[in-house]
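Structure data (mmCIF, C-alpha atoms and all ligand atoms) from input.cif:
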data_my_file
#
loop_
_atom_site.label_atom_id
_atom_site.label_comp_id
_atom_site.auth_asym_id
_atom_site.auth_seq_id
_atom_site.Cartn_x
_atom_site.Cartn_y
_atom_site.Cartn_z
CA MET C 1 0.00 0.00 0.00
CA TRP C 2 2.74 2.39 1.04
CA GLU C 3 4.76 1.39 -2.00
CA GLU C 4 1.71 2.06 -4.17
CA THR C 5 1.26 5.55 -2.66
CA LYS C 6 4.92 6.26 -3.15
CA LYS C 7 4.67 5.18 -6.78
CA LYS C 8 1.61 7.36 -7.37
CA LYS C 9 3.33 10.31 -5.75
CA LYS C 10 6.36 9.81 -7.94
CA THR C 11 4.19 9.76 -11.05
CA ARG C 12 2.45 12.96 -9.96
CA VAL C 13 5.70 14.74 -9.35
CA LYS C 14 7.03 13.52 -12.66
CA SER C 15 3.96 14.73 -14.51
CA LYS C 16 4.33 18.15 -12.90
CA LEU C 17 7.87 18.29 -14.16
CA GLU C 18 6.88 16.99 -17.59
CA PRO C 19 6.99 20.36 -19.30
CA PHE C 20 10.66 20.59 -18.49
CA ALA C 21 11.42 17.09 -19.69
CA ASP C 22 11.37 18.19 -23.29
CA ILE C 23 14.07 20.77 -22.95
CA GLN C 24 14.91 21.31 -26.53
CA SER C 25 17.32 23.32 -28.46
CA LEU C 26 14.54 25.87 -28.60
CA SER C 27 15.87 28.11 -31.31
CA SER C 28 18.91 30.14 -32.02
CA LEU C 29 18.06 31.92 -28.78
CA HIS C 30 19.12 28.82 -26.91
CA GLN C 31 22.84 29.31 -27.31
CA PHE C 32 22.45 32.92 -26.37
CA ARG C 33 20.68 31.91 -23.17
CA ASP C 34 23.27 29.30 -22.38
CA SER C 35 25.91 31.96 -22.34
CA VAL C 36 24.04 34.18 -19.88
CA ILE C 37 22.11 31.80 -17.63
CA THR C 38 23.76 29.48 -15.15
CA LYS C 39 22.10 26.40 -13.60
CA TYR C 40 18.69 26.44 -15.19
CA ARG C 41 16.14 24.51 -17.14
CA GLU C 42 13.76 26.10 -19.58
CA VAL C 43 10.91 25.47 -21.92
CA GLU C 44 8.83 27.55 -24.27
CA LYS C 45 5.16 26.86 -23.74
CA GLN C 46 3.58 26.41 -27.14
CA GLU C 47 0.50 25.12 -25.33
CA TRP C 48 -0.68 24.67 -21.78
CA PHE C 49 -1.89 21.27 -20.66
CA ASP C 50 -3.51 22.49 -17.47
CA PRO C 51 -6.44 24.86 -18.19
CA ALA C 52 -5.72 26.73 -14.93
CA ASN C 53 -2.19 27.52 -16.13
CA LYS C 54 -3.54 28.60 -19.50
CA ALA C 55 -6.03 30.93 -17.80
CA LEU C 56 -3.27 32.36 -15.61
CA ALA C 57 -1.05 33.04 -18.62
CA GLU C 58 -3.96 34.78 -20.36
CA ARG C 59 -4.65 36.90 -17.27
CA ILE C 60 -1.03 38.00 -17.06
CA LYS C 61 -0.93 38.78 -20.78
CA THR C 62 -4.06 40.95 -20.45
CA LEU C 63 -2.60 42.72 -17.43
CA ILE C 64 0.65 43.52 -19.25
CA LEU C 65 -1.06 44.81 -22.37
CA GLN C 66 -3.57 46.87 -20.39
CA THR C 67 -0.81 48.35 -18.23
CA LEU C 68 1.10 49.41 -21.35
CA HIS C 69 -2.07 50.56 -23.17
CA ARG C 70 -1.39 48.16 -26.00
CA PRO C 71 -4.06 46.43 -28.09
CA ALA C 72 -5.34 43.17 -26.62
CA THR C 73 -4.58 41.53 -29.97
CA LEU C 74 -0.83 42.24 -29.82
CA PRO C 75 0.84 38.92 -30.57
CA LEU C 76 3.08 37.57 -27.84
CA LEU C 77 5.72 34.88 -28.16
CA PRO C 78 5.16 31.55 -26.38
CA VAL C 79 5.68 31.98 -22.65
CA HIS C 80 9.26 31.19 -21.69
CA LEU C 81 9.55 29.30 -18.42
CA ILE C 82 12.86 29.47 -16.60
CA ASP C 83 13.57 27.19 -13.65
CA LEU C 84 16.61 28.65 -11.92
CA ALA C 85 18.43 26.57 -9.32
CA GLU C 86 18.90 28.11 -5.89
CA ASP C 87 22.49 28.97 -6.79
CA GLY C 88 21.66 29.85 -10.40
CA PHE C 89 21.90 33.35 -11.80
CA ILE C 90 21.48 35.34 -14.99
CA LYS C 91 24.31 37.54 -16.21
CA PRO C 92 23.78 41.09 -17.45
CA HIS C 93 22.30 41.15 -20.94
CA VAL C 94 19.87 42.95 -23.20
CA ASP C 95 17.33 40.59 -24.74
CA SER C 96 17.98 40.04 -28.40
CA ILE C 97 16.22 42.59 -30.58
CA LYS C 98 16.32 40.12 -33.45
CA PHE C 99 13.75 37.80 -31.93
CA SER C 100 11.43 39.82 -29.74
CA GLY C 101 9.72 43.17 -29.52
CA ASP C 102 9.81 45.89 -26.92
CA ILE C 103 8.18 44.11 -23.97
CA VAL C 104 9.99 41.79 -21.55
CA SER C 105 7.83 40.94 -18.58
CA GLY C 106 8.30 38.34 -15.89
CA LEU C 107 6.14 36.68 -13.28
CA SER C 108 8.31 35.46 -10.40
CA LEU C 109 7.39 32.34 -8.44
CA CYS C 110 8.76 30.26 -5.56
CA SER C 111 11.67 32.31 -4.34
CA PRO C 112 12.52 36.02 -4.22
CA ALA C 113 15.43 37.30 -6.26
CA ILE C 114 17.06 40.60 -7.03
CA MET C 115 17.05 41.95 -10.56
CA GLN C 116 19.64 44.58 -11.36
CA LEU C 117 19.34 47.02 -14.24
CA LYS C 118 22.50 48.79 -15.30
CA GLY C 119 23.04 51.51 -17.95
CA ASP C 120 24.44 49.82 -21.06
CA GLU C 121 27.63 51.56 -22.16
CA GLU C 122 27.16 50.21 -25.68
CA GLN C 123 23.97 52.24 -25.80
CA GLY C 124 25.72 55.36 -24.54
CA MET C 125 24.37 54.93 -21.02
CA ASP C 126 26.13 55.53 -17.75
CA PRO C 127 27.07 52.13 -16.24
CA THR C 128 26.90 53.63 -12.76
CA SER C 129 23.19 54.15 -13.33
CA ILE C 130 21.87 51.12 -11.46
CA VAL C 131 18.38 50.18 -10.39
CA ARG C 132 17.62 47.14 -8.28
CA LEU C 133 14.24 45.46 -8.11
CA LEU C 134 13.23 43.01 -5.43
CA LEU C 135 11.26 40.35 -7.30
CA ARG C 136 9.00 38.75 -4.75
CA PRO C 137 7.15 35.55 -5.53
CA ARG C 138 3.88 36.33 -7.35
CA SER C 139 5.14 39.74 -8.46
CA LEU C 140 5.23 40.90 -12.06
CA TYR C 141 7.76 43.24 -13.62
CA ILE C 142 7.59 44.84 -17.05
CA LEU C 143 10.67 46.11 -18.90
CA CYS C 144 9.99 48.35 -21.87
CA GLY C 145 11.42 51.52 -23.40
CA GLU C 146 14.86 52.40 -21.99
CA ALA C 147 14.69 49.63 -19.41
CA ARG C 148 14.30 47.13 -22.27
CA TYR C 149 16.85 48.54 -24.70
CA LYS C 150 19.32 50.75 -22.87
CA TYR C 151 19.81 48.92 -19.60
CA THR C 152 21.16 45.44 -19.14
CA HIS C 153 19.19 43.27 -16.74
CA GLU C 154 20.41 40.40 -14.63
CA ILE C 155 19.31 38.15 -11.77
CA LEU C 156 21.99 38.44 -9.13
CA ALA C 157 23.77 35.37 -7.84
CA PRO C 158 22.73 34.60 -4.27
CA SER C 159 25.22 35.41 -1.57
CA PRO C 160 25.67 32.63 1.03
CA GLU C 161 24.31 34.69 3.90
CA GLY C 162 21.46 36.16 1.85
CA GLU C 163 21.34 39.57 0.25
CA ARG C 164 20.06 42.46 2.37
CA TRP C 165 17.38 44.59 0.85
CA THR C 166 17.25 48.35 1.56
CA ASP C 167 15.10 47.97 4.68
CA GLY C 168 17.35 45.23 6.05
CA GLU C 169 15.13 42.38 4.88
CA VAL C 170 17.19 39.32 4.00
CA VAL C 171 16.47 38.04 0.50
CA ALA C 172 16.90 34.29 0.90
CA ARG C 173 17.18 32.78 -2.54
CA GLY C 174 15.90 29.29 -3.31
CA ARG C 175 14.81 27.61 -6.50
CA ARG C 176 13.01 30.20 -8.60
CA LEU C 177 10.58 29.89 -11.46
CA SER C 178 9.85 32.71 -13.83
CA LEU C 179 7.36 33.01 -16.65
CA ILE C 180 8.64 35.45 -19.21
CA PHE C 181 6.26 37.19 -21.60
CA ARG C 182 7.62 38.90 -24.71
CA ASP C 183 5.87 40.41 -27.68
CA GLU C 184 6.67 39.30 -31.20
CA LYS C 185 9.00 41.45 -33.16
CA VAL C 186 6.85 43.12 -35.78
CA HIS C 187 8.84 46.17 -36.77
CA GLU C 188 12.37 47.52 -36.63
CA ASN C 189 13.13 48.46 -33.03
CA GLU C 190 15.38 51.17 -31.85
CA GLY C 191 18.32 50.30 -29.69
CA GLY C 192 21.36 48.17 -30.20
CA GLU C 193 21.96 44.50 -30.80
CA GLY C 194 20.85 42.27 -27.98
CA ARG C 195 23.50 40.09 -26.46
O1 LIG Z 1 13.96 35.19 -14.77
C1 LIG Z 1 13.79 36.39 -14.96
O2 LIG Z 1 12.91 37.04 -14.41
C2 LIG Z 1 14.70 37.12 -15.92
C3 LIG Z 1 14.75 36.46 -17.25
C4 LIG Z 1 15.65 37.17 -18.22
O3 LIG Z 1 16.58 37.82 -17.87
C5 LIG Z 1 15.36 37.05 -19.64
O4 LIG Z 1 14.57 36.17 -20.01
O5 LIG Z 1 15.94 37.82 -20.43
#
Here is a file; write its structure as structure tokens.
Ligand SMILES: O=C(O)CCC(=O)C(=O)O
Amino acid sequence: MWEETKKKKKTRVKSKLEPFADIQSLSSLHQFRDSVITKYREVEKQEWFDPANKALAERIKTLILQTLHRPATLPLLPVHLIDLAEDGFIKPHVDSIKFSGDIVSGLSLCSPAIMQLKGDEEQGMDPTSIVRLLLRPRSLYILCGEARYKYTHEILAPSPEGERWTDGEVVARGRRLSLIFRDEKVHENEGGEGR
């Protein structure tokens, strides 16, 4: 009986992880990501198997487009799921302008993390211009305009004793999931080459 329960549990866990089992060479973006992300798994969701997840993704999409006063019909790329290990991090980069438009938005789940935006010298920006965002679980950030094109963004590596936020709060990093929403590239964007 116990063995049976254990087996069922294992199957359930496995099916939850299923979307990550088909980690593919997603596109030419893959190599780019490999060079900036450390200790991660990822998948691009062409379709959602769980209707609740599908509804959630639709809700977030609507929220992003409404916030930016964009048409509800604006085509978005498949949602990009990133599963970052507790000691994983994402190096400073600007998302490629070849593959996506001017919106990069992320829903953070599981663990908090700190995102750092830094003026991109290649875009004529001051690299001492730094903004840090505390990404709490269930929070949503939207990068567009200068934040999208003229600042690099990164997810900081966790420090062993936990990073202190401005009010002294310790940001204890664990495994983090993020759902990244991007719009399709439909016209020539301003800004430099993404790296
Ligand atoms: O996980 C995140 O929120 C950041 C993802 C990111 O940097 C990217 O997809 O370009």
At a cut-off of 7 Å, can you tabulate as CSV every residue of chain C near ligand LIG 1 (chain Z) together with its closest atom pair and the distance in Å to one decimal, using all atoms listed in the file and ordering rows by chain then number?
residue,atom,partner,partner_atom,distance
C:Ile82,CA,Z:LIG1,O1,6.1
C:Ile90,CA,Z:LIG1,O3,6.2
C:Asp95,CA,Z:LIG1,O5,5.3
C:Gly106,CA,Z:LIG1,O2,5.0
C:Leu107,CA,Z:LIG1,O2,6.9
C:Ser108,CA,Z:LIG1,O2,6.3
C:His153,CA,Z:LIG1,O3,6.1
C:Glu154,CA,Z:LIG1,O3,5.6
C:Ile155,CA,Z:LIG1,C2,6.3
C:Ser178,CA,Z:LIG1,O1,4.9
C:Ile180,CA,Z:LIG1,O4,6.0
Would you mind exporting C-alpha atoms of the selected residues as an mmCIF file, in the frame of the given file?
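The resulting file, result.cif, is reproduced below:
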data_model
loop_
_atom_site.group_PDB
_atom_site.id
_atom_site.type_symbol
_atom_site.label_atom_id
_atom_site.label_comp_id
_atom_site.auth_asym_id
_atom_site.auth_seq_id
_atom_site.Cartn_x
_atom_site.Cartn_y
_atom_site.Cartn_z
ATOM 1 C CA ILE C 82 12.860 29.470 -16.600
ATOM 2 C CA ILE C 90 21.480 35.340 -14.990
ATOM 3 C CA ASP C 95 17.330 40.590 -24.740
ATOM 4 C CA GLY C 106 8.300 38.340 -15.890
ATOM 5 C CA LEU C 107 6.140 36.680 -13.280
ATOM 6 C CA SER C 108 8.310 35.460 -10.400
ATOM 7 C CA HIS C 153 19.190 43.270 -16.740
ATOM 8 C CA GLU C 154 20.410 40.400 -14.630
ATOM 9 C CA ILE C 155 19.310 38.150 -11.770
ATOM 10 C CA SER C 178 9.850 32.710 -13.830
ATOM 11 C CA ILE C 180 8.640 35.450 -19.210
#
Quick one: residues within 12 Å of C:Gln116, only C-alpha atoms counted, chain neighbours fewer than 4 positions away excluded, as a ChimeraX atom specification?
/C:89-94,127-135,143,147,151-157
Spatial neighbours of C:Arg175, max dist 8 Å, only C-alpha atoms, sep filter under 4 positions, as a PyMOL selection string
chain C and resi 83-87+110-111
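Among the candidates C:Tyr149, C:Ala52, C:Ser96, C:Ile103, the residue lying nearest to C:Glu122 is C:Tyr149 (atoms considered: all atoms listed in the file).
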For C:Val104, please output as a list in words all residues within 7 Å (counting only C-alpha atoms; exclusion window: fewer than 4 positions along the same chain).
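Selected residues are Ile142, Leu143, Cys144, Arg148, Ile180, Phe181 and Arg182 of chain C.
For the pair atom CA of C:Lys54 and atom CA of C:Ser100, the separation is 21.3 Å.
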Quick one, how far is atom CA of C:Phe99 from atom CA of C:Pro75?
13.0 Å
Report, in Å with one decimal, the straight-line distance from atom CA of C:Glu47 to atom CA of C:Pro71.
22.0 Å
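Among the candidate residues C:Lys185, C:His69, C:Arg41, C:Lys150, the one lying nearest to C:Gly101 is C:Lys185, with distances computed using all atoms listed in the file.
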Please provide as a list of chain:residue names all residues within 12 Å of C:Thr62, with the sequence filter that same-chain residues fewer than 2 positions apart are discarded (counting only C-alpha atoms).
C:Ala55, C:Leu56, C:Ala57, C:Glu58, C:Arg59, C:Ile60, C:Ile64, C:Leu65, C:Gln66, C:Thr67, C:Leu68, C:His69, C:Arg70, C:Pro71, C:Ala72, C:Thr73, C:Leu74, C:Pro75, C:Leu76, C:Phe181
Taking all atoms listed in the file into account, which of C:Glu163, C:Glu146, C:Glu44, C:Asp102 comes nearest C:Met115?
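Looking only at the distances to C:Met115, the closest residue turns out to be C:Glu163.
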Hey, which of C:His80, C:Arg173, C:Lys98, C:Arg136 ends up closest to C:Glu42? Count all atoms listed in the file.
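Going through C:His80, C:Arg173, C:Lys98, C:Arg136 one by one, the smallest distance to C:Glu42 is for C:His80.
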Which residue, C:Gly168, C:Arg138, C:Arg176, C:Asp183, has the smallest gap to C:Tyr40 when you use only C-alpha atoms?
C:Arg176
Ranking C:Ile114, C:Ser139, C:Trp48, C:Asp120 by minimum distance to C:Val170 and counting only C-alpha atoms, which one comes first?
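Nearest candidate to C:Val170 out of C:Ile114, C:Ser139, C:Trp48, C:Asp120: C:Ile114.
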